[in-house]
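Note sheet for the following structure.
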Amino acid sequence: MIIKVEISDETWARMLTGKRVEGTLGYDLMTGKKDFRMFHRQTRSRLRDKLVKKLPWGWVKESKERYKTFASVPKEMPLEEMMKAFGDDHDEAMQAIVDAELIDRA
């Protein structure tokens, strides 16, 4: 089946540059025409977080306003090992933040 769809010049220009265009395809019952409405997405304005340190079970990252930590351990791990892994990661994360602050102030 071949479907002819009307698209705007802006959408066509974006497609010609090789960029992906997201939107909705619709059918107007009154006119009997099919049209494509492009979504007007905002570009990413937030900076990516900077990795401070990779931990054995997670990471420490720095954004413009915060330090972030993440830890993830498998459920199959015994409870004692799990708690030790979280504790060790926490200690390493705290030391990495202290080191990062000392380096920034130097």
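In the structure tokens, chains take the letters A, B, ... in the order shown, each chain's residues start at 1, and ligands count up from 1 in the order shown.
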Sel. of alpha helix (DSSP H) residues, chain A, as a ChimeraX atom specification: /A:9-16,79-105
Every residue of chain A that DSSP places in strand (DSSP E or B), as JSON, numbers by chain: {"A": [6, 23, 24, 25, 26, 27, 34, 35, 36, 37, 38, 50, 51, 52, 53, 54, 55, 58, 59, 60, 61, 62, 67, 68, 69, 70, 71]}
Residues within 12 Å of segment 27-32 of chain A, only C-alpha atoms, excluding chain neighbours under 5 positions, as a PyMOL selection string: chain A and resi 3-6+37
What does the file look like for those residues with N, CA and C atoms, as a compact mmCIF listing (two decimals), in the first residue's frame?
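The file below, selection-v4.txt, is the result:
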```
# COMPACT_ATOMS: atom_id res chain seq x y z
N ILE A 3 0.92 5.28 0.66
CA ILE A 3 0.17 6.36 1.29
C ILE A 3 0.93 7.65 1.03
N LYS A 4 0.25 8.65 0.49
CA LYS A 4 0.87 9.95 0.25
C LYS A 4 0.53 10.85 1.44
N VAL A 5 1.58 11.43 2.01
CA VAL A 5 1.43 12.23 3.23
C VAL A 5 2.00 13.62 2.97
N GLU A 6 1.32 14.65 3.47
CA GLU A 6 1.81 16.01 3.36
C GLU A 6 2.68 16.32 4.57
N ARG A 37 2.63 15.67 11.59
CA ARG A 37 2.92 16.78 12.50
C ARG A 37 4.18 16.44 13.30
```
Polymer residues at most 12 Å from Gly87 of chain A, only C-alpha atoms, same-chain spacing of 3 or more positions, as JSON, numbers by chain: {"A": [55, 56, 57, 58, 71, 72, 73, 80, 81, 82, 83, 84, 90, 91, 92, 93, 94]}
Long-range neighbours of segment 63-67 of chain A as a list in words, 10 Å cut-off, only C-alpha atoms, 4 positions minimum in chain: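 After dropping sequence-adjacent residues, the list is Arg46, Leu47, Arg48, Asp49, Lys50, Leu51, Val52, Ala93 and Ile97 of chain A.
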Can I get the selected residues back with C-alpha atoms, as an mmCIF file, in the first residue's frame?
```cif
data_model
loop_
_atom_site.group_PDB
_atom_site.id
_atom_site.type_symbol
_atom_site.label_atom_id
_atom_site.label_comp_id
_atom_site.auth_asym_id
_atom_site.auth_seq_id
_atom_site.Cartn_x
_atom_site.Cartn_y
_atom_site.Cartn_z
ATOM 1 C CA ARG A 46 21.628 20.091 30.885
ATOM 2 C CA LEU A 47 25.277 19.106 31.052
ATOM 3 C CA ARG A 48 26.108 15.461 31.589
ATOM 4 C CA ASP A 49 27.323 14.399 34.998
ATOM 5 C CA LYS A 50 31.094 13.933 35.356
ATOM 6 C CA LEU A 51 32.246 10.551 36.657
ATOM 7 C CA VAL A 52 34.337 11.109 39.789
ATOM 8 C CA ALA A 93 32.463 7.226 47.655
ATOM 9 C CA ILE A 97 34.267 13.174 47.179
#
```
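When atom CA of Thr69 of chain A is paired with atom CA of Asp88 of chain A, their separation reads 12.7 Å.
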